[in-house]
Structures are given as structure tokens and as C-alpha cells.
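Accompanying notes for the structure given below.
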Number of protein chains: 2
Amino acid sequence: MRQLSQAERQFLTTHRVARLATVDAQGQPFVVPICYVFDGTAVYSALDEKPKSVAPMQLKRVRNIIADPHVALVVDDYSEDWRALAYLQIRGQAVLVEPGSQEQRAAIPLLRAKYVQYQAMAIDQQPVLQITPEAISSWGAVFTARS
Amino acid sequence: MRQLSQAERQFLTTHRVARLATVDAQGQPFVVPICYVFDGTAVYSALDEKPKSVAPMQLKRVRNIIADPHVALVVDDYSEDWRALAYLQIRGQAVLVEPGSQEQRAAIPLLRAKYVQYQAMAIDQQPVLQITPEAISSWGAVFTARS
């Protein structure tokens with residue numbers, strides 16, 4: 001897999017919301033907005049709801065990933081000036097990293113640094129979704145500019 | 001399938017961008033932002049690129065839908081006040097409606113009315129993606145408010 005370019009990395013780390021596509025046990029797609037962080041290697045997303053409505057492990061995105069780890073994630077800019085449209089898509093595999101694991105404990109402070117909202121939420125008591133990129137594609141002038 | 005509530009219909013028709021998840025021939029998810037209209041029954045999306053970079057029928061979303069018509073679409077609001085987060089997800093099946101068909105000819109003016117950008121683009125020369133909802137889910141205070 002190629003690495004993220006500098007422009008792609010900046011786009012990914014500065015955006016606040018991504019949309020995560022998963023596939024259910026019947027092979028049908030499912031897509032929801034998520035908050036996330038990127039640590040330079042993987043994307044992490046907490047399993048809370050905001051506010052919590054179902055138990056984290058019962059979330060459909062979680063059940064889907066347990067059935068099939070393949071996911072796709074998109075971060076994008078919409079503008080009425082269509083020359084400014086842009087998106088970055090990451091395809092890869094997702095796993096749940098459990099509370100107490102090194103990866104989960106590293107992800108929690110990154111999530112709380114990016115989203116102060118998480119500082120009052122017990123996301124450390126839950127698994128975190130870890131998405132390892134396998135393919136990267138991007139589109140839009142922001143990614144092709146020379147500057 | 002249940003009908004869209006009035007709040008869901010308003011949310012869908014007033015937003016400018018959705019994210020469309022498809023599944024490729026290997027069963028792996030794919031997700032991109034799209035422009036769209038809703039005519040009260042189906043969602044329609046033009047097959048241009050902005051600007052065009054590959055032939056419409058070669059777009060991966062199109063190849064995926066030909067291989068597997070199941071799609072999922074999400075429209076959402078992000079806010080730093082997480083009490084204002086909201087999303088509407090539509091799952092269903094997609095088909096290409098061809099230039100000259102009644103459905104394609106009805107969709108083109110709706111797309112050009114919602115997006116003036118399309119008035120200068122020959123979207124009428126291309127098929128349009130028609131997504132028929134089969135399942136609707138929404139989340140967020142905007143959908144549960146009594147007003």
C-alpha cells in the first residue's frame with residue numbers, strides 16, 4: 001500500500017467527521033458518520049453513542065465488523081464551488097481493540113485530545129475500533145496542488 | 001417499509017451532500033460523497049465527475065452497483081455540540097436509468113433545480129443512478145423533537 005501524501009494526512013487529521021461503510025452478514029452495505037483519530041498508522045474510533053442508546057457491542061457497525069472486517073471510510077469537503085470538492089477514501093480492515101490493550105490505551109488520549117467531548121465520557125471502558133488502511137484514494141484539487 | 005417522517009423528508013431534501021456506500025464484486029465496501037435529489041419516492045444521483053475524470057460507466061460506484069445493487073446512503077449533521085448530531089440512513093437498491101427513459105428525464109430537471117452547477121453540464125446525456133429505499137433509520141434530536 002502506498003503511504004498517505006502530506007496533503008492527504010493533513011486532510012485526514014484536520015477533519016472532524018468521517019463516514020464509515022461496513023457490510024452486514026448478508027453482504028449489504030451500511031454507512032454511518034463517525035468521529036475518529038489517525039495516529040499515523042491506523043484510524044481509531046470510539047464505540048460510544050452520543051448520547052448512548054444501545055450497548056456498544058450491539059451497534060450494527062460492530063456486529064458487521066465482527067462478521068466481516070472489511071470497511072471503507074471517507075472524509076470529504078463539500079462546497080458550492082465544485083472546484084473545491086475533495087475526498088479521501090481509505091479502505092481496510094477493522095478490529096476491536098479491547099480495554100487494557102496497549103493499542104486501546106494509546107488511542108483513548110488521542111481521541112480525547114481531538115474531541116474534548118470525550119473527556120467526560122467513559123470511552124476507556126469500551127473497545128475501540130482500529131482500522132488499518134489497505135488502500136488509499138483521493139480526489140480533488142487540494143490533493144494535486146503543487147504548493 | 002415505513003415512510004419517511006416529515007422531519008426525515010425535510011432533512012433529506014435540504015442537505016446538499018450524501019455519502020453512498022456500495023459493495024464491490026469481492027464483497028468489500030466502497031464509499032464516496034454524492035450530490036442527489038429525492039423526488040418523494042426515490043433518490044437520484046447524476047453520474048458526472050466534477051470535473052469529469054473517468055467515463056461515467058467506469059466509475060467504481062457504477063461497476064459495483066452493476067455487480068450488486070445493494071447500497072446505503074447517509075446524510076448527516078456534524079456539530080461540536082454533540083446534542084445536535086443527527087443522521088439519516090437509507091438502505092436500498094440502485095439501478096441505472098438510461099438517457100431518454102421517463103425516470104431519467106424526470107430526474108434531470110430536479111438535479112438542475114437543486115444544483116445550479118448542473119445547468120452547464122451535460123448530465124442529461126448520461127444514465128442517472130436511481131436508489132429505491134427499502135429501509136430507513138434516523139438518529140438525533142432533530143428527528144425526535146415534537147415540534
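Chain labels run A, B, ... following the order of the C-alpha cells; each chain numbers its residues from 1, and ligands are numbered from 1 in the order shown.
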
Inset, instruction - Compute the set of chain A residues within 8 Å of chain B, using only C-alpha atoms, and express it as a list in words. - result: Val17, Arg19, Leu20, Ala21, Thr22, Val23, Gly27, Gln28, Pro29, Phe30, Val31, Val32, Pro33, Lys50, Pro51, His70, Val71, Ala72, Leu73, Val74, Asp76, Tyr78, Trp82, Arg83, Leu85, Tyr87, Gln89, Arg91 and Gln117 of chain A

Could you fit chain A onto chain B with a least-squares superposition over all C-alpha atoms, matched one to one in order, and give me the transformed chain as a short mmCIF file (atom, residue, chain, number, x, y, z; two decimals) with N, CA and C atoms, in the first residue's frame?
data_model
loop_
_atom_site.label_atom_id
_atom_site.label_comp_id
_atom_site.auth_asym_id
_atom_site.auth_seq_id
_atom_site.Cartn_x
_atom_site.Cartn_y
_atom_site.Cartn_z
N MET A 1 -41.89 -1.32 4.06
CA MET A 1 -41.01 -0.25 4.55
C MET A 1 -41.84 0.92 5.07
N ARG A 2 -41.43 1.49 6.20
CA ARG A 2 -42.14 2.66 6.68
C ARG A 2 -41.82 3.86 5.80
N GLN A 3 -42.69 4.84 5.82
CA GLN A 3 -42.45 6.08 5.09
C GLN A 3 -41.49 6.98 5.87
N LEU A 4 -40.86 7.91 5.17
CA LEU A 4 -40.08 8.95 5.84
C LEU A 4 -41.01 9.83 6.66
N SER A 5 -40.60 10.18 7.86
CA SER A 5 -41.36 11.17 8.62
C SER A 5 -41.17 12.54 7.97
N GLN A 6 -41.97 13.50 8.41
CA GLN A 6 -41.82 14.85 7.85
C GLN A 6 -40.42 15.41 8.13
N ALA A 7 -39.92 15.16 9.35
CA ALA A 7 -38.58 15.66 9.71
C ALA A 7 -37.50 14.99 8.86
N GLU A 8 -37.66 13.70 8.62
CA GLU A 8 -36.68 12.98 7.81
C GLU A 8 -36.70 13.46 6.36
N ARG A 9 -37.89 13.69 5.84
CA ARG A 9 -38.01 14.16 4.46
C ARG A 9 -37.37 15.54 4.31
N GLN A 10 -37.61 16.41 5.30
CA GLN A 10 -37.01 17.74 5.24
C GLN A 10 -35.48 17.67 5.32
N PHE A 11 -35.00 16.81 6.21
CA PHE A 11 -33.55 16.62 6.36
C PHE A 11 -32.94 16.16 5.04
N LEU A 12 -33.59 15.20 4.41
CA LEU A 12 -33.06 14.63 3.16
C LEU A 12 -33.09 15.65 2.02
N THR A 13 -34.16 16.41 1.93
CA THR A 13 -34.28 17.30 0.77
C THR A 13 -33.44 18.57 0.93
N THR A 14 -33.16 18.98 2.16
CA THR A 14 -32.43 20.23 2.34
C THR A 14 -30.90 20.05 2.37
N HIS A 15 -30.43 18.84 2.60
CA HIS A 15 -28.98 18.66 2.61
C HIS A 15 -28.43 18.61 1.19
N ARG A 16 -27.14 18.93 1.07
CA ARG A 16 -26.52 19.10 -0.26
C ARG A 16 -25.63 17.93 -0.65
N VAL A 17 -25.23 17.15 0.31
CA VAL A 17 -24.30 16.06 0.01
C VAL A 17 -24.66 14.85 0.86
N ALA A 18 -24.55 13.69 0.25
CA ALA A 18 -24.75 12.42 0.95
C ALA A 18 -23.52 11.57 0.72
N ARG A 19 -23.39 10.51 1.48
CA ARG A 19 -22.30 9.55 1.23
C ARG A 19 -22.93 8.22 0.87
N LEU A 20 -22.48 7.69 -0.26
CA LEU A 20 -23.06 6.49 -0.84
C LEU A 20 -22.11 5.31 -0.66
N ALA A 21 -22.59 4.28 0.01
CA ALA A 21 -21.81 3.06 0.18
C ALA A 21 -22.31 1.99 -0.77
N THR A 22 -21.37 1.37 -1.47
CA THR A 22 -21.67 0.25 -2.36
C THR A 22 -20.75 -0.90 -1.97
N VAL A 23 -20.94 -2.03 -2.63
CA VAL A 23 -20.13 -3.22 -2.36
C VAL A 23 -19.56 -3.69 -3.69
N ASP A 24 -18.27 -4.00 -3.71
CA ASP A 24 -17.67 -4.41 -4.98
C ASP A 24 -17.87 -5.91 -5.22
N ALA A 25 -17.35 -6.38 -6.35
CA ALA A 25 -17.59 -7.78 -6.74
C ALA A 25 -16.96 -8.75 -5.75
N GLN A 26 -16.01 -8.28 -4.95
CA GLN A 26 -15.40 -9.12 -3.90
C GLN A 26 -16.13 -8.97 -2.56
N GLY A 27 -17.22 -8.19 -2.56
CA GLY A 27 -17.99 -8.02 -1.33
C GLY A 27 -17.42 -6.98 -0.39
N GLN A 28 -16.48 -6.15 -0.87
CA GLN A 28 -15.87 -5.16 0.01
C GLN A 28 -16.53 -3.80 -0.17
N PRO A 29 -16.71 -3.08 0.94
CA PRO A 29 -17.42 -1.80 0.88
C PRO A 29 -16.58 -0.70 0.24
N PHE A 30 -17.29 0.28 -0.28
CA PHE A 30 -16.73 1.43 -0.99
C PHE A 30 -17.65 2.59 -0.66
N VAL A 31 -17.11 3.79 -0.42
CA VAL A 31 -17.98 4.91 -0.02
C VAL A 31 -17.45 6.22 -0.58
N VAL A 32 -18.32 6.98 -1.20
CA VAL A 32 -17.96 8.29 -1.78
C VAL A 32 -19.08 9.30 -1.52
N PRO A 33 -18.71 10.60 -1.48
CA PRO A 33 -19.74 11.64 -1.38
C PRO A 33 -20.47 11.78 -2.73
N ILE A 34 -21.76 12.05 -2.65
CA ILE A 34 -22.53 12.28 -3.88
C ILE A 34 -23.49 13.46 -3.68
N CYS A 35 -23.82 14.11 -4.80
CA CYS A 35 -24.96 15.01 -4.86
C CYS A 35 -26.18 14.20 -5.27
N TYR A 36 -27.35 14.66 -4.86
CA TYR A 36 -28.54 13.82 -5.05
C TYR A 36 -29.79 14.68 -4.95
N VAL A 37 -30.88 14.13 -5.43
CA VAL A 37 -32.21 14.69 -5.15
C VAL A 37 -33.12 13.55 -4.70
N PHE A 38 -34.19 13.93 -4.01
CA PHE A 38 -35.22 12.98 -3.59
C PHE A 38 -36.54 13.48 -4.16
N ASP A 39 -37.23 12.65 -4.90
CA ASP A 39 -38.47 13.09 -5.56
C ASP A 39 -39.72 12.69 -4.78
N GLY A 40 -39.52 12.19 -3.56
CA GLY A 40 -40.64 11.73 -2.75
C GLY A 40 -40.74 10.22 -2.74
N THR A 41 -40.10 9.58 -3.72
CA THR A 41 -40.13 8.12 -3.82
C THR A 41 -38.72 7.53 -3.88
N ALA A 42 -37.89 8.09 -4.74
CA ALA A 42 -36.54 7.56 -4.92
C ALA A 42 -35.52 8.68 -4.83
N VAL A 43 -34.28 8.28 -4.61
CA VAL A 43 -33.14 9.21 -4.62
C VAL A 43 -32.45 9.06 -5.98
N TYR A 44 -32.07 10.19 -6.57
CA TYR A 44 -31.40 10.18 -7.87
C TYR A 44 -30.06 10.90 -7.75
N SER A 45 -29.06 10.36 -8.47
CA SER A 45 -27.74 10.98 -8.45
C SER A 45 -27.15 10.91 -9.86
N ALA A 46 -26.63 12.03 -10.33
CA ALA A 46 -26.03 12.09 -11.67
C ALA A 46 -24.68 11.40 -11.67
N LEU A 47 -24.25 10.96 -12.85
CA LEU A 47 -23.02 10.18 -12.93
C LEU A 47 -21.81 10.97 -13.41
N ASP A 48 -21.93 12.28 -13.46
CA ASP A 48 -20.75 13.06 -13.78
C ASP A 48 -19.70 12.95 -12.70
N GLU A 49 -18.47 13.24 -13.06
CA GLU A 49 -17.49 13.64 -12.08
C GLU A 49 -17.38 15.16 -12.16
N LYS A 50 -16.84 15.79 -11.15
CA LYS A 50 -16.81 17.25 -11.07
C LYS A 50 -15.39 17.71 -10.77
N PRO A 51 -14.54 17.96 -11.70
CA PRO A 51 -14.70 17.76 -13.15
C PRO A 51 -14.56 16.29 -13.51
N LYS A 52 -15.06 15.98 -14.71
CA LYS A 52 -15.06 14.60 -15.18
C LYS A 52 -13.63 14.08 -15.30
N SER A 53 -13.37 12.90 -14.76
CA SER A 53 -12.02 12.34 -14.89
C SER A 53 -12.05 10.95 -15.52
N VAL A 54 -13.10 10.21 -15.29
CA VAL A 54 -13.24 8.91 -15.97
C VAL A 54 -14.64 8.85 -16.56
N ALA A 55 -14.84 7.98 -17.53
CA ALA A 55 -16.16 7.81 -18.15
C ALA A 55 -17.14 7.35 -17.07
N PRO A 56 -18.37 7.90 -17.10
CA PRO A 56 -19.33 7.59 -16.05
C PRO A 56 -19.53 6.10 -15.79
N MET A 57 -19.59 5.30 -16.84
CA MET A 57 -19.84 3.88 -16.63
C MET A 57 -18.63 3.16 -16.04
N GLN A 58 -17.48 3.85 -16.02
CA GLN A 58 -16.29 3.25 -15.43
C GLN A 58 -16.11 3.62 -13.96
N LEU A 59 -16.96 4.49 -13.46
CA LEU A 59 -16.86 4.84 -12.05
C LEU A 59 -17.03 3.58 -11.20
N LYS A 60 -16.25 3.50 -10.14
CA LYS A 60 -16.32 2.27 -9.33
C LYS A 60 -17.70 2.09 -8.71
N ARG A 61 -18.34 3.19 -8.32
CA ARG A 61 -19.68 3.06 -7.74
C ARG A 61 -20.64 2.41 -8.75
N VAL A 62 -20.44 2.72 -10.04
CA VAL A 62 -21.32 2.16 -11.09
C VAL A 62 -21.01 0.68 -11.31
N ARG A 63 -19.74 0.38 -11.40
CA ARG A 63 -19.36 -1.03 -11.58
C ARG A 63 -19.84 -1.86 -10.39
N ASN A 64 -19.75 -1.29 -9.20
CA ASN A 64 -20.23 -2.01 -8.02
C ASN A 64 -21.72 -2.28 -8.08
N ILE A 65 -22.48 -1.25 -8.47
CA ILE A 65 -23.94 -1.39 -8.49
C ILE A 65 -24.38 -2.38 -9.55
N ILE A 66 -23.65 -2.44 -10.65
CA ILE A 66 -23.97 -3.43 -11.68
C ILE A 66 -23.70 -4.84 -11.12
N ALA A 67 -22.65 -4.97 -10.32
CA ALA A 67 -22.33 -6.27 -9.72
C ALA A 67 -23.27 -6.61 -8.57
N ASP A 68 -23.67 -5.59 -7.81
CA ASP A 68 -24.52 -5.80 -6.62
C ASP A 68 -25.31 -4.52 -6.38
N PRO A 69 -26.64 -4.55 -6.56
CA PRO A 69 -27.42 -3.31 -6.48
C PRO A 69 -27.64 -2.77 -5.07
N HIS A 70 -27.24 -3.51 -4.04
CA HIS A 70 -27.50 -3.03 -2.68
C HIS A 70 -26.62 -1.83 -2.36
N VAL A 71 -27.23 -0.78 -1.83
CA VAL A 71 -26.49 0.42 -1.44
C VAL A 71 -26.99 0.92 -0.09
N ALA A 72 -26.20 1.78 0.52
CA ALA A 72 -26.62 2.51 1.71
C ALA A 72 -26.17 3.95 1.53
N LEU A 73 -26.99 4.86 2.01
CA LEU A 73 -26.77 6.29 1.81
C LEU A 73 -26.95 6.95 3.17
N VAL A 74 -26.04 7.86 3.54
CA VAL A 74 -26.21 8.58 4.80
C VAL A 74 -26.10 10.08 4.56
N VAL A 75 -26.99 10.82 5.22
CA VAL A 75 -26.97 12.28 5.24
C VAL A 75 -26.88 12.65 6.71
N ASP A 76 -25.99 13.57 7.06
CA ASP A 76 -25.82 13.81 8.49
C ASP A 76 -25.44 15.25 8.78
N ASP A 77 -25.61 15.62 10.04
CA ASP A 77 -25.14 16.90 10.58
C ASP A 77 -24.06 16.63 11.61
N TYR A 78 -22.90 17.28 11.44
CA TYR A 78 -21.90 17.27 12.50
C TYR A 78 -21.92 18.62 13.19
N SER A 79 -21.74 18.61 14.49
CA SER A 79 -21.66 19.83 15.28
C SER A 79 -20.77 19.55 16.47
N GLU A 80 -20.06 20.58 16.96
CA GLU A 80 -19.28 20.38 18.19
C GLU A 80 -20.19 20.24 19.41
N ASP A 81 -21.43 20.68 19.28
CA ASP A 81 -22.44 20.39 20.30
C ASP A 81 -23.06 19.04 19.94
N TRP A 82 -22.60 18.01 20.61
CA TRP A 82 -23.00 16.66 20.20
C TRP A 82 -24.49 16.38 20.42
N ARG A 83 -25.17 17.28 21.15
CA ARG A 83 -26.63 17.11 21.24
C ARG A 83 -27.30 17.40 19.90
N ALA A 84 -26.55 18.06 19.00
CA ALA A 84 -27.11 18.42 17.68
C ALA A 84 -26.69 17.44 16.57
N LEU A 85 -25.96 16.40 16.93
CA LEU A 85 -25.61 15.41 15.91
C LEU A 85 -26.87 14.72 15.39
N ALA A 86 -26.85 14.38 14.11
CA ALA A 86 -28.01 13.71 13.52
C ALA A 86 -27.60 13.01 12.24
N TYR A 87 -28.26 11.90 11.98
CA TYR A 87 -28.08 11.30 10.66
C TYR A 87 -29.33 10.54 10.23
N LEU A 88 -29.44 10.44 8.94
CA LEU A 88 -30.51 9.68 8.29
C LEU A 88 -29.84 8.70 7.35
N GLN A 89 -30.09 7.42 7.54
CA GLN A 89 -29.54 6.41 6.64
C GLN A 89 -30.66 5.76 5.85
N ILE A 90 -30.43 5.62 4.56
CA ILE A 90 -31.37 4.92 3.67
C ILE A 90 -30.63 3.73 3.07
N ARG A 91 -31.20 2.56 3.22
CA ARG A 91 -30.65 1.38 2.56
C ARG A 91 -31.63 0.96 1.47
N GLY A 92 -31.10 0.49 0.37
CA GLY A 92 -32.00 0.12 -0.71
C GLY A 92 -31.25 -0.46 -1.88
N GLN A 93 -31.90 -0.41 -3.04
CA GLN A 93 -31.29 -0.95 -4.25
C GLN A 93 -31.20 0.15 -5.28
N ALA A 94 -30.10 0.09 -6.04
CA ALA A 94 -29.83 1.11 -7.05
C ALA A 94 -29.86 0.49 -8.44
N VAL A 95 -30.36 1.26 -9.37
CA VAL A 95 -30.29 0.89 -10.79
C VAL A 95 -29.88 2.13 -11.57
N LEU A 96 -29.38 1.90 -12.78
CA LEU A 96 -29.09 2.99 -13.70
C LEU A 96 -30.30 3.20 -14.59
N VAL A 97 -30.82 4.43 -14.61
CA VAL A 97 -31.91 4.73 -15.54
C VAL A 97 -31.29 5.48 -16.73
N GLU A 98 -31.60 4.97 -17.91
CA GLU A 98 -30.88 5.38 -19.13
C GLU A 98 -31.40 6.70 -19.68
N PRO A 99 -30.54 7.42 -20.42
CA PRO A 99 -30.98 8.65 -21.09
C PRO A 99 -32.18 8.35 -21.99
N GLY A 100 -33.17 9.20 -21.93
CA GLY A 100 -34.37 9.02 -22.74
C GLY A 100 -35.48 8.30 -21.99
N SER A 101 -35.14 7.60 -20.90
CA SER A 101 -36.20 6.95 -20.13
C SER A 101 -36.99 8.01 -19.38
N GLN A 102 -38.25 7.68 -19.07
CA GLN A 102 -39.11 8.63 -18.37
C GLN A 102 -38.50 9.04 -17.03
N GLU A 103 -37.92 8.07 -16.32
CA GLU A 103 -37.37 8.37 -14.99
C GLU A 103 -36.13 9.25 -15.08
N GLN A 104 -35.29 8.97 -16.06
CA GLN A 104 -34.08 9.80 -16.22
C GLN A 104 -34.48 11.22 -16.60
N ARG A 105 -35.46 11.35 -17.50
CA ARG A 105 -35.87 12.68 -17.95
C ARG A 105 -36.58 13.46 -16.85
N ALA A 106 -37.19 12.76 -15.91
CA ALA A 106 -37.80 13.45 -14.77
C ALA A 106 -36.75 13.86 -13.74
N ALA A 107 -35.70 13.07 -13.62
CA ALA A 107 -34.69 13.35 -12.59
C ALA A 107 -33.80 14.54 -12.97
N ILE A 108 -33.48 14.67 -14.25
CA ILE A 108 -32.53 15.71 -14.68
C ILE A 108 -32.96 17.12 -14.24
N PRO A 109 -34.21 17.54 -14.49
CA PRO A 109 -34.58 18.89 -14.03
C PRO A 109 -34.58 19.05 -12.52
N LEU A 110 -34.86 17.99 -11.80
CA LEU A 110 -34.79 18.07 -10.33
C LEU A 110 -33.35 18.29 -9.89
N LEU A 111 -32.42 17.57 -10.51
CA LEU A 111 -31.00 17.74 -10.18
C LEU A 111 -30.53 19.15 -10.53
N ARG A 112 -30.97 19.65 -11.69
CA ARG A 112 -30.54 21.00 -12.10
C ARG A 112 -31.21 22.10 -11.29
N ALA A 113 -32.37 21.82 -10.72
CA ALA A 113 -33.02 22.81 -9.86
C ALA A 113 -32.32 22.88 -8.50
N LYS A 114 -31.93 21.73 -7.99
CA LYS A 114 -31.25 21.72 -6.68
C LYS A 114 -29.81 22.22 -6.80
N TYR A 115 -29.14 21.86 -7.89
CA TYR A 115 -27.73 22.23 -8.09
C TYR A 115 -27.62 23.02 -9.39
N VAL A 116 -27.49 24.33 -9.28
CA VAL A 116 -27.37 25.15 -10.50
C VAL A 116 -26.11 24.76 -11.28
N GLN A 117 -25.14 24.20 -10.59
CA GLN A 117 -23.90 23.77 -11.25
C GLN A 117 -24.18 22.80 -12.40
N TYR A 118 -25.24 22.02 -12.27
CA TYR A 118 -25.56 21.02 -13.30
C TYR A 118 -26.14 21.65 -14.56
N GLN A 119 -26.57 22.92 -14.48
CA GLN A 119 -27.21 23.52 -15.65
C GLN A 119 -26.24 23.66 -16.81
N ALA A 120 -24.94 23.75 -16.51
CA ALA A 120 -23.93 23.87 -17.56
C ALA A 120 -23.29 22.52 -17.89
N MET A 121 -23.82 21.45 -17.35
CA MET A 121 -23.20 20.13 -17.54
C MET A 121 -24.18 19.20 -18.27
N ALA A 122 -23.63 18.37 -19.15
CA ALA A 122 -24.49 17.51 -19.99
C ALA A 122 -24.88 16.23 -19.27
N ILE A 123 -25.42 16.40 -18.05
CA ILE A 123 -25.80 15.20 -17.29
C ILE A 123 -26.96 14.46 -17.94
N ASP A 124 -27.71 15.16 -18.82
CA ASP A 124 -28.83 14.51 -19.50
C ASP A 124 -28.36 13.47 -20.52
N GLN A 125 -27.10 13.50 -20.88
CA GLN A 125 -26.56 12.55 -21.86
C GLN A 125 -26.11 11.24 -21.20
N GLN A 126 -26.21 11.17 -19.89
CA GLN A 126 -25.70 10.03 -19.14
C GLN A 126 -26.82 9.36 -18.35
N PRO A 127 -26.64 8.09 -18.00
CA PRO A 127 -27.58 7.47 -17.08
C PRO A 127 -27.58 8.21 -15.73
N VAL A 128 -28.65 8.03 -15.00
CA VAL A 128 -28.76 8.56 -13.64
C VAL A 128 -28.95 7.37 -12.70
N LEU A 129 -28.34 7.47 -11.55
CA LEU A 129 -28.49 6.43 -10.53
C LEU A 129 -29.83 6.64 -9.82
N GLN A 130 -30.63 5.61 -9.76
CA GLN A 130 -31.92 5.67 -9.04
C GLN A 130 -31.85 4.71 -7.86
N ILE A 131 -32.04 5.24 -6.67
CA ILE A 131 -31.96 4.43 -5.45
C ILE A 131 -33.34 4.36 -4.83
N THR A 132 -33.88 3.16 -4.75
CA THR A 132 -35.20 2.95 -4.16
C THR A 132 -35.02 2.50 -2.71
N PRO A 133 -35.51 3.32 -1.76
CA PRO A 133 -35.32 2.96 -0.35
C PRO A 133 -36.05 1.67 0.03
N GLU A 134 -35.41 0.87 0.84
CA GLU A 134 -36.03 -0.34 1.39
C GLU A 134 -36.04 -0.31 2.92
N ALA A 135 -35.14 0.47 3.51
CA ALA A 135 -35.10 0.59 4.97
C ALA A 135 -34.59 1.98 5.32
N ILE A 136 -35.19 2.58 6.33
CA ILE A 136 -34.86 3.94 6.75
C ILE A 136 -34.53 3.90 8.23
N SER A 137 -33.43 4.55 8.61
CA SER A 137 -33.17 4.73 10.04
C SER A 137 -32.64 6.13 10.26
N SER A 138 -33.00 6.70 11.38
CA SER A 138 -32.51 8.04 11.68
C SER A 138 -32.18 8.12 13.15
N TRP A 139 -31.30 9.06 13.48
CA TRP A 139 -30.81 9.20 14.85
C TRP A 139 -30.49 10.66 15.10
N GLY A 140 -30.89 11.16 16.26
CA GLY A 140 -30.58 12.53 16.62
C GLY A 140 -31.84 13.26 17.07
N ALA A 141 -31.61 14.30 17.83
CA ALA A 141 -32.72 15.01 18.45
C ALA A 141 -33.66 15.63 17.40
N VAL A 142 -33.11 16.01 16.24
CA VAL A 142 -33.93 16.65 15.22
C VAL A 142 -35.09 15.74 14.79
N PHE A 143 -34.89 14.44 14.94
CA PHE A 143 -35.93 13.51 14.49
C PHE A 143 -36.91 13.10 15.58
N THR A 144 -36.60 13.48 16.81
CA THR A 144 -37.49 13.09 17.90
C THR A 144 -38.20 14.27 18.53
N ALA A 145 -37.82 15.48 18.10
CA ALA A 145 -38.46 16.68 18.65
C ALA A 145 -39.95 16.67 18.30
N ARG A 146 -40.75 17.19 19.20
CA ARG A 146 -42.20 17.17 19.02
C ARG A 146 -42.68 18.30 18.14
N SER A 147 -41.90 19.34 18.05
CA SER A 147 -42.37 20.52 17.32
C SER A 147 -42.50 20.22 15.84
#

Inset, instruction - Within range 95-127 of chain A, find each residue whose DSSP state, derived from the backbone, is helix (DSSP H, G or I), and express the selection as a PyMOL selection string. - result: chain A and resi 102-114+116-120+123-125

Inset, instruction - Using DSSP on the backbone coordinates, identify all residues within range 16-97 of chain A classified as strand (DSSP E or B); present the result as a PyMOL selection string. - result: chain A and resi 18-23+29-34+37-38+43-46+70-77+86-97

So that I have them on file, write out the residues from the current selection with C-alpha atoms, as a PDB file, in the first residue's frame.
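Writing the result to selection22.pdb gives the following:
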ATOM      1  CA  ALA A  18     -15.838  10.619   8.613  1.00  0.00           C
ATOM      2  CA  ARG A  19     -18.382   8.201   7.204  1.00  0.00           C
ATOM      3  CA  LEU A  20     -17.741   4.531   7.825  1.00  0.00           C
ATOM      4  CA  ALA A  21     -19.108   1.870   5.495  1.00  0.00           C
ATOM      5  CA  THR A  22     -19.352  -1.725   6.659  1.00  0.00           C
ATOM      6  CA  VAL A  23     -21.017  -4.836   5.247  1.00  0.00           C
ATOM      7  CA  PRO A  29     -23.656  -2.126   2.901  1.00  0.00           C
ATOM      8  CA  PHE A  30     -24.247   0.076   5.934  1.00  0.00           C
ATOM      9  CA  VAL A  31     -22.870   3.606   6.471  1.00  0.00           C
ATOM     10  CA  VAL A  32     -22.784   5.959   9.462  1.00  0.00           C
ATOM     11  CA  PRO A  33     -20.886   9.114  10.458  1.00  0.00           C
ATOM     12  CA  ILE A  34     -18.094   8.582  12.978  1.00  0.00           C
ATOM     13  CA  VAL A  37      -8.353   9.929  15.049  1.00  0.00           C
ATOM     14  CA  PHE A  38      -5.386   8.907  12.898  1.00  0.00           C
ATOM     15  CA  VAL A  43      -7.604   5.118  12.306  1.00  0.00           C
ATOM     16  CA  TYR A  44      -9.328   4.735  15.680  1.00  0.00           C
ATOM     17  CA  SER A  45     -12.964   5.344  16.571  1.00  0.00           C
ATOM     18  CA  ALA A  46     -14.652   5.094  19.976  1.00  0.00           C
ATOM     19  CA  HIS A  70     -13.645  -5.045   5.558  1.00  0.00           C
ATOM     20  CA  VAL A  71     -14.526  -1.358   5.852  1.00  0.00           C
ATOM     21  CA  ALA A  72     -14.308   1.839   3.835  1.00  0.00           C
ATOM     22  CA  LEU A  73     -14.025   5.316   5.292  1.00  0.00           C
ATOM     23  CA  VAL A  74     -14.485   8.647   3.519  1.00  0.00           C
ATOM     24  CA  VAL A  75     -13.597  12.176   4.630  1.00  0.00           C
ATOM     25  CA  ASP A  76     -14.677  14.946   2.298  1.00  0.00           C
ATOM     26  CA  ASP A  77     -15.237  18.638   1.664  1.00  0.00           C
ATOM     27  CA  ALA A  86     -12.452  16.846  -2.347  1.00  0.00           C
ATOM     28  CA  TYR A  87     -12.490  13.464  -0.728  1.00  0.00           C
ATOM     29  CA  LEU A  88     -10.128  10.939   0.748  1.00  0.00           C
ATOM     30  CA  GLN A  89     -11.223   7.316   0.916  1.00  0.00           C
ATOM     31  CA  ILE A  90      -9.463   4.673   2.996  1.00  0.00           C
ATOM     32  CA  ARG A  91     -10.308   1.018   2.569  1.00  0.00           C
ATOM     33  CA  GLY A  92      -9.027  -1.521   5.017  1.00  0.00           C
ATOM     34  CA  GLN A  93      -9.790  -3.923   7.815  1.00  0.00           C
ATOM     35  CA  ALA A  94     -11.202  -3.145  11.221  1.00  0.00           C
ATOM     36  CA  VAL A  95     -10.771  -4.895  14.538  1.00  0.00           C
ATOM     37  CA  LEU A  96     -11.923  -4.142  18.069  1.00  0.00           C
ATOM     38  CA  VAL A  97      -9.054  -3.402  20.437  1.00  0.00           C
TER      39      VAL A  97
END
